[in-house]
>>> print(open('structure_14.pdb').read())   # PDB, C-alpha atoms
ATOM      1  CA  MET A 272     -47.233   1.930   8.112
ATOM      2  CA  ASN A 273     -47.745   5.087   6.062
ATOM      3  CA  ALA A 274     -48.746   7.773   8.535
ATOM      4  CA  ARG A 275     -50.534   9.712   5.825
ATOM      5  CA  THR A 276     -52.670   6.979   4.233
ATOM      6  CA  ALA A 277     -55.822   7.998   6.079
ATOM      7  CA  ARG A 278     -54.681  11.595   6.481
ATOM      8  CA  ARG A 279     -57.745  13.547   5.462
ATOM      9  CA  LEU A 280     -60.213  11.292   7.238
ATOM     10  CA  ALA A 281     -58.301  11.597  10.487
ATOM     11  CA  ALA A 282     -57.512  15.299  10.158
ATOM     12  CA  ALA A 283     -61.099  16.387   9.747
ATOM     13  CA  THR A 284     -61.946  14.793  13.081
ATOM     14  CA  ALA A 285     -58.857  15.625  15.076
ATOM     15  CA  VAL A 286     -58.667  19.293  14.189
ATOM     16  CA  THR A 287     -61.846  20.055  16.158
ATOM     17  CA  THR A 288     -60.289  18.669  19.325
ATOM     18  CA  ALA A 289     -56.988  20.364  18.546
ATOM     19  CA  LEU A 290     -58.465  23.817  18.154
ATOM     20  CA  THR A 291     -60.085  23.686  21.598
ATOM     21  CA  ALA A 292     -56.698  23.060  23.210
ATOM     22  CA  LEU A 293     -54.371  25.351  21.281
ATOM     23  CA  THR A 294     -54.369  28.084  23.892
ATOM     24  CA  ALA A 295     -52.953  25.685  26.455
ATOM     25  CA  CYS A 296     -50.681  23.726  24.128
ATOM     26  CA  SER A 297     -49.229  26.203  21.673
ATOM     27  CA  GLY A 298     -47.264  27.841  24.477
ATOM     28  CA  GLY A 299     -47.365  31.549  25.190
ATOM     29  CA  ASP A 300     -43.581  31.738  25.661
ATOM     30  CA  ASP A 301     -42.717  30.790  22.079
ATOM     31  CA  SER A 302     -40.950  33.595  20.255
ATOM     32  CA  ALA A 303     -41.793  34.605  16.709
ATOM     33  CA  PRO A 304     -39.518  32.922  14.147
ATOM     34  CA  ALA A 305     -36.478  34.937  13.197
ATOM     35  CA  ALA A 306     -33.484  34.509  10.923
ATOM     36  CA  SER A 307     -31.056  35.649  13.603
ATOM     37  CA  GLY A 308     -30.886  35.785  17.375
ATOM     38  CA  SER A 309     -32.398  33.293  19.792
ATOM     39  CA  VAL A 310     -35.795  31.659  19.464
ATOM     40  CA  THR A 311     -37.806  30.009  22.234
ATOM     41  CA  VAL A 312     -39.692  26.833  21.306
ATOM     42  CA  ALA A 313     -41.544  24.625  23.810
ATOM     43  CA  GLY A 314     -39.932  26.608  26.611
ATOM     44  CA  VAL A 315     -36.383  26.044  25.312
ATOM     45  CA  LYS A 316     -34.183  28.964  24.220
ATOM     46  CA  ILE A 317     -32.299  28.032  21.072
ATOM     47  CA  GLU A 318     -29.200  29.866  19.832
ATOM     48  CA  LYS A 319     -27.587  29.894  16.404
ATOM     49  CA  ASP A 320     -24.680  27.487  15.900
ATOM     50  CA  PRO A 321     -22.161  29.388  13.731
ATOM     51  CA  ALA A 322     -20.514  26.214  12.432
ATOM     52  CA  LEU A 323     -23.832  24.770  11.286
ATOM     53  CA  HIS A 324     -24.771  28.087   9.688
ATOM     54  CA  ASP A 325     -21.486  28.117   7.782
ATOM     55  CA  ALA A 326     -22.237  24.601   6.482
ATOM     56  CA  LEU A 327     -25.426  25.770   4.744
ATOM     57  CA  PRO A 328     -25.481  26.202   0.952
ATOM     58  CA  GLY A 329     -24.651  29.718  -0.191
ATOM     59  CA  GLU A 330     -28.120  30.444  -1.566
ATOM     60  CA  ILE A 331     -29.723  29.579   1.792
ATOM     61  CA  LYS A 332     -27.275  31.748   3.731
ATOM     62  CA  ASP A 333     -27.797  34.633   1.317
ATOM     63  CA  ALA A 334     -31.583  34.416   1.500
ATOM     64  CA  GLY A 335     -31.675  33.676   5.213
ATOM     65  CA  THR A 336     -34.692  31.439   4.580
ATOM     66  CA  VAL A 337     -35.526  27.790   4.025
ATOM     67  CA  LYS A 338     -38.812  27.572   2.116
ATOM     68  CA  VAL A 339     -40.851  24.734   3.660
ATOM     69  CA  ALA A 340     -44.043  23.116   2.338
ATOM     70  CA  THR A 341     -46.638  21.689   4.736
ATOM     71  CA  ASP A 342     -50.167  20.308   4.398
ATOM     72  CA  VAL A 343     -52.541  21.715   7.033
ATOM     73  CA  PRO A 344     -54.340  20.443   9.099
ATOM     74  CA  TYR A 345     -53.004  17.136  10.368
ATOM     75  CA  PRO A 346     -52.935  17.282  14.206
ATOM     76  CA  PRO A 347     -50.674  17.218  16.059
ATOM     77  CA  PHE A 348     -48.104  17.749  13.293
ATOM     78  CA  GLU A 349     -49.650  20.755  11.550
ATOM     79  CA  MET A 350     -52.548  22.953  12.641
ATOM     80  CA  TYR A 351     -53.851  26.506  12.450
ATOM     81  CA  VAL A 352     -53.770  28.442  15.716
ATOM     82  CA  LYS A 353     -57.274  29.714  14.988
ATOM     83  CA  GLU A 354     -59.780  28.333  12.528
ATOM     84  CA  GLY A 355     -60.077  30.573   9.483
ATOM     85  CA  GLU A 356     -56.713  32.277  10.097
ATOM     86  CA  SER A 357     -53.281  31.534   8.650
ATOM     87  CA  GLU A 358     -51.039  31.391  11.737
ATOM     88  CA  LEU A 359     -49.548  27.920  12.091
ATOM     89  CA  THR A 360     -48.715  25.724  15.040
ATOM     90  CA  GLY A 361     -48.010  22.032  15.570
ATOM     91  CA  LEU A 362     -45.115  19.667  16.082
ATOM     92  CA  ASP A 363     -43.625  20.117  12.609
ATOM     93  CA  TYR A 364     -43.916  23.891  12.782
ATOM     94  CA  ASP A 365     -42.269  24.056  16.205
ATOM     95  CA  LEU A 366     -39.502  21.699  15.138
ATOM     96  CA  GLY A 367     -38.944  23.788  12.020
ATOM     97  CA  GLN A 368     -38.564  26.963  14.079
ATOM     98  CA  ALA A 369     -36.084  25.177  16.353
ATOM     99  CA  LEU A 370     -34.059  23.930  13.387
ATOM    100  CA  GLY A 371     -34.081  27.387  11.836
ATOM    101  CA  ALA A 372     -32.855  28.968  15.061
ATOM    102  CA  LYS A 373     -30.056  26.436  15.379
ATOM    103  CA  LEU A 374     -29.010  27.017  11.750
ATOM    104  CA  GLY A 375     -29.395  30.788  11.965
ATOM    105  CA  VAL A 376     -32.024  31.026   9.215
ATOM    106  CA  ARG A 377     -35.822  31.198   9.046
ATOM    107  CA  PHE A 378     -37.904  28.125   8.221
ATOM    108  CA  ALA A 379     -40.803  29.734   6.346
ATOM    109  CA  PHE A 380     -43.817  27.410   6.162
ATOM    110  CA  THR A 381     -46.340  27.582   3.310
ATOM    111  CA  PRO A 382     -49.463  25.375   3.069
ATOM    112  CA  GLN A 383     -49.421  22.999   0.103
ATOM    113  CA  LYS A 384     -51.718  20.093  -0.759
ATOM    114  CA  PHE A 385     -50.038  16.886   0.309
ATOM    115  CA  ASP A 386     -49.962  15.169  -3.072
ATOM    116  CA  GLY A 387     -48.286  18.241  -4.565
ATOM    117  CA  ILE A 388     -45.524  18.612  -1.982
ATOM    118  CA  VAL A 389     -42.833  16.420  -3.530
ATOM    119  CA  PRO A 390     -43.464  17.699  -7.083
ATOM    120  CA  ALA A 391     -43.215  21.272  -5.757
ATOM    121  CA  ILE A 392     -39.826  20.500  -4.191
ATOM    122  CA  GLN A 393     -38.673  18.972  -7.480
ATOM    123  CA  ALA A 394     -39.832  22.090  -9.329
ATOM    124  CA  GLY A 395     -37.790  24.323  -7.016
ATOM    125  CA  LYS A 396     -40.760  26.018  -5.341
ATOM    126  CA  PHE A 397     -39.635  24.756  -1.932
ATOM    127  CA  HIS A 398     -36.330  23.715  -0.440
ATOM    128  CA  ALA A 399     -37.926  21.224   1.949
ATOM    129  CA  ALA A 400     -41.157  19.899   3.424
ATOM    130  CA  MET A 401     -42.207  19.116   6.977
ATOM    131  CA  SER A 402     -45.583  17.414   6.915
ATOM    132  CA  ALA A 403     -45.374  14.018   8.676
ATOM    133  CA  ILE A 404     -44.173  12.543   5.392
ATOM    134  CA  THR A 405     -43.414   8.842   5.422
ATOM    135  CA  ASP A 406     -39.865   8.162   4.250
ATOM    136  CA  ASN A 407     -39.972   5.403   1.640
ATOM    137  CA  LYS A 408     -37.739   4.160  -1.151
ATOM    138  CA  GLU A 409     -39.982   5.534  -3.884
ATOM    139  CA  ARG A 410     -39.841   9.085  -2.521
ATOM    140  CA  GLN A 411     -36.105   8.764  -1.895
ATOM    141  CA  GLN A 412     -35.634   8.654  -5.661
ATOM    142  CA  VAL A 413     -36.566  12.343  -5.920
ATOM    143  CA  VAL A 414     -35.966  13.860  -2.448
ATOM    144  CA  ASP A 415     -33.719  13.135   0.509
ATOM    145  CA  PHE A 416     -35.072  12.600   4.010
ATOM    146  CA  VAL A 417     -33.818  13.565   7.441
ATOM    147  CA  ASP A 418     -35.835  11.248   9.664
ATOM    148  CA  TYR A 419     -37.177  12.630  12.925
ATOM    149  CA  SER A 420     -39.901  10.246  14.139
ATOM    150  CA  GLN A 421     -41.380   6.766  13.914
ATOM    151  CA  SER A 422     -45.126   6.744  13.376
ATOM    152  CA  GLY A 423     -47.438   3.744  13.588
ATOM    153  CA  SER A 424     -50.716   2.697  15.186
ATOM    154  CA  GLY A 425     -51.559   3.365  18.815
ATOM    155  CA  ILE A 426     -54.165   2.245  21.334
ATOM    156  CA  LEU A 427     -56.462   4.775  22.980
ATOM    157  CA  VAL A 428     -58.332   3.813  26.166
ATOM    158  CA  VAL A 429     -60.465   5.657  28.682
ATOM    159  CA  GLU A 430     -58.820   7.557  31.514
ATOM    160  CA  GLY A 431     -57.156   5.231  33.992
ATOM    161  CA  ASN A 432     -57.165   2.272  31.576
ATOM    162  CA  PRO A 433     -59.574   0.193  33.699
ATOM    163  CA  GLU A 434     -59.223  -2.885  31.469
ATOM    164  CA  LYS A 435     -55.413  -2.753  31.843
ATOM    165  CA  ILE A 436     -54.781  -2.843  28.089
ATOM    166  CA  ALA A 437     -51.014  -2.951  27.545
ATOM    167  CA  THR A 438     -50.456  -4.541  24.117
ATOM    168  CA  LEU A 439     -52.322  -5.586  20.991
ATOM    169  CA  ASP A 440     -52.655  -9.057  22.518
ATOM    170  CA  ASP A 441     -54.836  -7.597  25.265
ATOM    171  CA  LEU A 442     -57.410  -6.661  22.629
ATOM    172  CA  CYS A 443     -58.123 -10.331  21.888
ATOM    173  CA  GLY A 444     -61.645 -11.233  22.958
ATOM    174  CA  GLU A 445     -62.561  -7.561  23.442
ATOM    175  CA  LYS A 446     -64.655  -5.011  21.568
ATOM    176  CA  VAL A 447     -62.378  -2.533  19.817
ATOM    177  CA  ALA A 448     -63.306   0.588  17.818
ATOM    178  CA  VAL A 449     -61.549   1.587  14.608
ATOM    179  CA  GLN A 450     -62.207   3.873  11.669
ATOM    180  CA  ALA A 451     -63.241   2.044   8.506
ATOM    181  CA  ALA A 452     -60.882   1.739   5.526
ATOM    182  CA  THR A 453     -57.687   2.459   7.507
ATOM    183  CA  ASN A 454     -54.387   0.715   8.118
ATOM    184  CA  GLN A 455     -55.515   0.289  11.710
ATOM    185  CA  LEU A 456     -58.474  -1.836  10.607
ATOM    186  CA  ASP A 457     -56.092  -3.979   8.554
ATOM    187  CA  LEU A 458     -53.806  -4.354  11.569
ATOM    188  CA  LEU A 459     -56.663  -5.588  13.769
ATOM    189  CA  LYS A 460     -57.718  -8.102  11.133
ATOM    190  CA  GLU A 461     -54.146  -9.344  10.766
ATOM    191  CA  HIS A 462     -53.842  -9.757  14.541
ATOM    192  CA  GLN A 463     -56.788 -12.149  14.672
ATOM    193  CA  ALA A 464     -54.418 -15.012  13.831
ATOM    194  CA  GLN A 465     -52.324 -14.213  16.923
ATOM    195  CA  CYS A 466     -55.451 -14.136  19.053
ATOM    196  CA  GLU A 467     -56.506 -17.526  17.719
ATOM    197  CA  LYS A 468     -53.037 -18.958  18.300
ATOM    198  CA  ALA A 469     -53.127 -17.747  21.906
ATOM    199  CA  GLY A 470     -56.621 -19.137  22.426
ATOM    200  CA  ALA A 471     -57.747 -15.744  23.661
ATOM    201  CA  GLY A 472     -60.747 -15.220  21.409
ATOM    202  CA  GLN A 473     -61.181 -13.024  18.364
ATOM    203  CA  ILE A 474     -61.160  -9.229  18.525
ATOM    204  CA  ASP A 475     -64.720  -7.954  18.177
ATOM    205  CA  ILE A 476     -63.906  -5.207  15.656
ATOM    206  CA  GLN A 477     -66.367  -2.313  15.657
ATOM    207  CA  THR A 478     -65.888  -0.060  12.600
ATOM    208  CA  PHE A 479     -66.985   3.582  12.422
ATOM    209  CA  PRO A 480     -67.054   6.177   9.630
ATOM    210  CA  LYS A 481     -64.941   8.656  11.608
ATOM    211  CA  ASP A 482     -62.497   8.646  14.501
ATOM    212  CA  SER A 483     -64.873  10.871  16.451
ATOM    213  CA  ASP A 484     -67.565   8.197  16.191
ATOM    214  CA  ALA A 485     -65.124   5.591  17.470
ATOM    215  CA  GLN A 486     -64.184   7.853  20.360
ATOM    216  CA  LEU A 487     -67.847   8.334  21.244
ATOM    217  CA  ALA A 488     -68.175   4.548  21.499
ATOM    218  CA  LEU A 489     -65.115   4.504  23.755
ATOM    219  CA  ARG A 490     -66.521   7.272  25.935
ATOM    220  CA  SER A 491     -69.769   5.315  26.237
ATOM    221  CA  ASP A 492     -67.994   2.100  27.312
ATOM    222  CA  LYS A 493     -69.282   0.279  24.222
ATOM    223  CA  VAL A 494     -65.689  -0.710  23.430
ATOM    224  CA  VAL A 495     -62.595  -1.115  25.602
ATOM    225  CA  ALA A 496     -60.191   0.624  23.214
ATOM    226  CA  GLN A 497     -59.755   2.407  19.919
ATOM    227  CA  LEU A 498     -56.951   1.822  17.411
ATOM    228  CA  LEU A 499     -55.764   4.872  15.429
ATOM    229  CA  THR A 500     -52.473   6.470  14.432
ATOM    230  CA  LYS A 501     -50.294   6.872  17.506
ATOM    231  CA  PRO A 502     -49.701  10.625  17.019
ATOM    232  CA  ALA A 503     -53.457  11.191  16.764
ATOM    233  CA  ALA A 504     -54.021   8.969  19.807
ATOM    234  CA  GLY A 505     -51.443  10.861  21.849
ATOM    235  CA  TRP A 506     -52.843  14.237  20.850
ATOM    236  CA  THR A 507     -56.401  13.147  21.613
ATOM    237  CA  ALA A 508     -55.380  11.834  25.033
ATOM    238  CA  LYS A 509     -53.628  15.126  25.789
ATOM    239  CA  THR A 510     -56.340  17.504  24.580
ATOM    240  CA  ALA A 511     -59.789  15.889  24.864
ATOM    241  CA  ASP A 512     -61.599  17.511  27.794
ATOM    242  CA  GLY A 513     -58.320  18.911  29.037
ATOM    243  CA  GLY A 514     -56.681  15.487  29.006
ATOM    244  CA  LYS A 515     -59.146  13.983  31.466
ATOM    245  CA  THR A 516     -61.005  11.539  29.221
ATOM    246  CA  PHE A 517     -58.529   9.239  27.461
ATOM    247  CA  ASP A 518     -55.129   7.646  27.988
ATOM    248  CA  LEU A 519     -52.555   6.529  25.427
ATOM    249  CA  VAL A 520     -51.280   2.980  25.883
ATOM    250  CA  GLU A 521     -47.470   2.875  25.768
ATOM    251  CA  ASP A 522     -46.161  -0.521  24.679
ATOM    252  CA  PRO A 523     -42.369  -0.585  25.287
ATOM    253  CA  ALA A 524     -42.020  -3.056  22.423
ATOM    254  CA  ALA A 525     -43.514  -0.529  19.981
ATOM    255  CA  PRO A 526     -42.466   2.983  21.089
ATOM    256  CA  GLY A 527     -43.341   4.540  17.738
ATOM    257  CA  GLY A 528     -46.537   2.541  17.424
ATOM    258  CA  TYR A 529     -47.354  -0.755  15.744
ATOM    259  CA  ASN A 530     -46.040  -1.210  12.189
ATOM    260  CA  ALA A 531     -44.196   2.091  12.553
ATOM    261  CA  SER A 532     -42.465   3.759   9.608
ATOM    262  CA  PRO A 533     -39.992   6.648   9.661
ATOM    263  CA  ASN A 534     -41.274  10.159   9.081
ATOM    264  CA  GLY A 535     -38.806  12.544   7.542
ATOM    265  CA  ILE A 536     -38.089  16.106   6.542
ATOM    266  CA  ALA A 537     -38.032  15.957   2.742
ATOM    267  CA  VAL A 538     -35.200  18.028   1.238
ATOM    268  CA  THR A 539     -34.392  18.839  -2.365
ATOM    269  CA  LYS A 540     -31.637  16.715  -3.858
ATOM    270  CA  LYS A 541     -30.248  19.867  -5.474
ATOM    271  CA  LEU A 542     -28.910  21.042  -2.096
ATOM    272  CA  PRO A 543     -27.182  18.096  -0.362
ATOM    273  CA  GLU A 544     -25.430  20.541   1.976
ATOM    274  CA  LEU A 545     -28.846  21.600   3.275
ATOM    275  CA  THR A 546     -29.772  17.993   4.040
ATOM    276  CA  ASP A 547     -26.506  17.497   5.926
ATOM    277  CA  ALA A 548     -26.916  20.727   7.887
ATOM    278  CA  ILE A 549     -30.506  19.888   8.870
ATOM    279  CA  GLN A 550     -29.425  16.399   9.962
ATOM    280  CA  LYS A 551     -26.667  17.838  12.171
ATOM    281  CA  ALA A 552     -28.949  20.517  13.597
ATOM    282  CA  LEU A 553     -31.625  17.937  14.383
ATOM    283  CA  GLN A 554     -29.088  15.738  16.159
ATOM    284  CA  ALA A 555     -27.951  18.717  18.229
ATOM    285  CA  LEU A 556     -31.563  19.399  19.226
ATOM    286  CA  ILE A 557     -32.044  15.731  20.124
ATOM    287  CA  ASP A 558     -28.882  15.724  22.226
ATOM    288  CA  ASP A 559     -29.758  18.869  24.191
ATOM    289  CA  GLY A 560     -33.323  17.705  24.925
ATOM    290  CA  THR A 561     -35.161  20.260  22.771
ATOM    291  CA  VAL A 562     -36.764  17.616  20.546
ATOM    292  CA  ALA A 563     -38.087  15.746  23.574
ATOM    293  CA  LYS A 564     -39.667  18.963  24.902
ATOM    294  CA  ILE A 565     -41.384  19.619  21.575
ATOM    295  CA  TYR A 566     -42.777  16.090  21.345
ATOM    296  CA  GLU A 567     -43.916  16.166  24.972
ATOM    297  CA  LYS A 568     -45.795  19.382  24.245
ATOM    298  CA  TYR A 569     -47.951  17.498  21.744
ATOM    299  CA  GLY A 570     -48.381  14.304  23.764
ATOM    300  CA  VAL A 571     -46.278  12.092  21.494
ATOM    301  CA  ALA A 572     -42.886  11.882  23.191
ATOM    302  CA  SER A 573     -42.481   8.185  22.428
ATOM    303  CA  ILE A 574     -42.445   8.597  18.627
ATOM    304  CA  ALA A 575     -39.300  10.767  18.640
ATOM    305  CA  VAL A 576     -36.077   9.197  17.395
ATOM    306  CA  LYS A 577     -32.814   9.216  19.334
ATOM    307  CA  GLU A 578     -30.664   9.556  16.231
ATOM    308  CA  ALA A 579     -31.203  11.839  13.242
ATOM    309  CA  THR A 580     -30.826   9.504  10.290
ATOM    310  CA  LYS A 581     -30.855  10.100   6.548
ATOM    311  CA  ASN A 582     -33.102   8.076   4.216
ATOM    312  CA  ALA A 583     -33.799   5.465   6.902
ATOM    313  CA  ALA A 584     -36.494   3.565   4.985
ATOM    314  CA  VAL A 585     -35.213   0.329   3.516
ATOM    315  CA  ASP A 586     -38.292  -0.879   1.613
TER     316      ASP A 586
END
>>> encode(input="structure_14.pdb", output="structure tokens")
Amino acid sequence: MNARTARRLAAATAVTTALTALTACSGGDDSAPAASGSVTVAGVKIEKDPALHDALPGEIKDAGTVKVATDVPYPPFEMYVKEGESELTGLDYDLGQALGAKLGVRFAFTPQKFDGIVPAIQAGKFHAAMSAITDNKERQQVVDFVDYSQSGSGILVVEGNPEKIATLDDLCGEKVAVQAATNQLDLLKEHQAQCEKAGAGQIDIQTFPKDSDAQLALRSDKVVAQLLTKPAAGWTAKTADGGKTFDLVEDPAAPGGYNASPNGIAVTKKLPELTDAIQKALQALIDDGTVAKIYEKYGVASIAVKEATKNAAVD
């Protein structure tokens, strides 16, 4: 599933919830990004790895900066700390600061419209992009990816999960909310055949113009669950009313979500050494637990990968 297909529709809704929780979730102990010295991200102090720094391309070492494009907002991946201001926060931003600290350079983020990100990398305006970009074969023709998460659809339920929803199969015969014209709606429709095969009754699909409308129906017990992107579901569960209103269903068979696709850091093909260095730095941050801390901070620990791969998409 392409995590960004319904990007703008979801972002407009989720950012309101995100902004109310930034004080608690952005973390007061996070140091300002720096090209040298240690940086603290999600409570973890990160030091420069001299060997990884030496592996960087000469132009990156000389500049001390990796220029990174990002499309804001798209909670929990990219957000503004305060509405109307330019300071950034979010999973991608935090991960970028951690990678920069490990590599001994600064990851400098600049907002860029999503459909212009890859062309801007090709034109040399940016070295890389971190913006929950789905790694696919088409994009691999013009950029390389270091994959850092799996992102698919997730199930949101009310606090305590009173209906004991554990998998998509448990939605059969139930009323389920979903935003119209999304991959999640398509997934529910496709699952009707499985419901019929199991003799469990069809899903009573309730469509809404916005995710916030679907969540209102869930709050009001008009539906038993909502289907939306798993990162958005995890962030909503963590931040709505201080995390006291919703729960994220964790299906062990689909840790990244249903129909999950890899998300990757897009890197210019002109600097293969940069791609390799980022991949090694990401693996180091996975191995020492930093990546897990960052993902936990945003309520989406289960979508993190255990191995930093390159160009993981196969179709």
>>> closest_residue(input="structure_14.pdb", among="A:Gln554, A:Gln412, A:Thr336, A:Asn407", to="Val376 of chain A", atoms="all atoms listed in the file")
A:Thr336
>>> atom_distance(input="structure_14.pdb", atom1="atom CA of Val315 of chain A", atom2="atom CA of Gln421 of chain A")
22.9 Å
>>> atom_distance(input="structure_14.pdb", atom1="atom CA of Lys541 of chain A", atom2="atom CA of Thr561 of chain A")
28.7 Å
>>> closest_residue(input="structure_14.pdb", among="A:Val343, A:Val538, A:Ala379, A:Ile436", to="Glu356 of chain A", atoms="only C-alpha atoms")
A:Val343
>>> closest_residue(input="structure_14.pdb", among="A:Thr341, A:Thr580, A:Thr510, A:Gln368", to="Ile317 of chain A", atoms="only C-alpha atoms")
A:Gln368
>>> atom_distance(input="structure_14.pdb", atom1="atom CA of Val562 of chain A", atom2="atom CA of Arg410 of chain A")
24.8 Å
>>> closest_residue(input="structure_14.pdb", among="A:Leu439, A:Ala525, A:Ala451, A:Ala326", to="Gln465 of chain A", atoms="only C-alpha atoms")
A:Leu439
>>> resolve_selection(input="structure_14.pdb", expression="the PyMOL selection byres ((chain A and resi 399-402) around 6)", output="list in words")
Val339, Ala340, Thr341, Asp342, Asp363, Phe397, His398, Ala403, Ile404, Ile536, Ala537 and Val538 of chain A
>>> residues_around(input="structure_14.pdb", residues="Ala583 of chain A", least_positions_apart="6", cutoff="12 Å", atoms="all atoms listed in the file", output="PyMOL selection string")
chain A and resi 405-408+410-411+415-421+532-536+576
>>> resolve_selection(input="structure_14.pdb", expression="the PyMOL selection byres ((chain A and resi 425) around 6)", output="list in words")
Ser424, Ile426, Leu498, Leu499, Thr500, Lys501 and Gly528 of chain A
>>> resolve_selection(input="structure_14.pdb", expression="the PyMOL selection byres ((chain A and resi 432) around 10)", output="PyMOL selection string")
chain A and resi 427-431+433-437+495-496+517-520
>>> write_last_selection(input="structure_14.pdb", atoms="C-alpha atoms", output="compact mmCIF listing (two decimals), in the frame of the given file")
# COMPACT_ATOMS: atom_id res chain seq x y z
CA LEU A 427 -56.46 4.78 22.98
CA VAL A 428 -58.33 3.81 26.17
CA VAL A 429 -60.46 5.66 28.68
CA GLU A 430 -58.82 7.56 31.51
CA GLY A 431 -57.16 5.23 33.99
CA PRO A 433 -59.57 0.19 33.70
CA GLU A 434 -59.22 -2.88 31.47
CA LYS A 435 -55.41 -2.75 31.84
CA ILE A 436 -54.78 -2.84 28.09
CA ALA A 437 -51.01 -2.95 27.54
CA VAL A 495 -62.60 -1.12 25.60
CA ALA A 496 -60.19 0.62 23.21
CA PHE A 517 -58.53 9.24 27.46
CA ASP A 518 -55.13 7.65 27.99
CA LEU A 519 -52.56 6.53 25.43
CA VAL A 520 -51.28 2.98 25.88
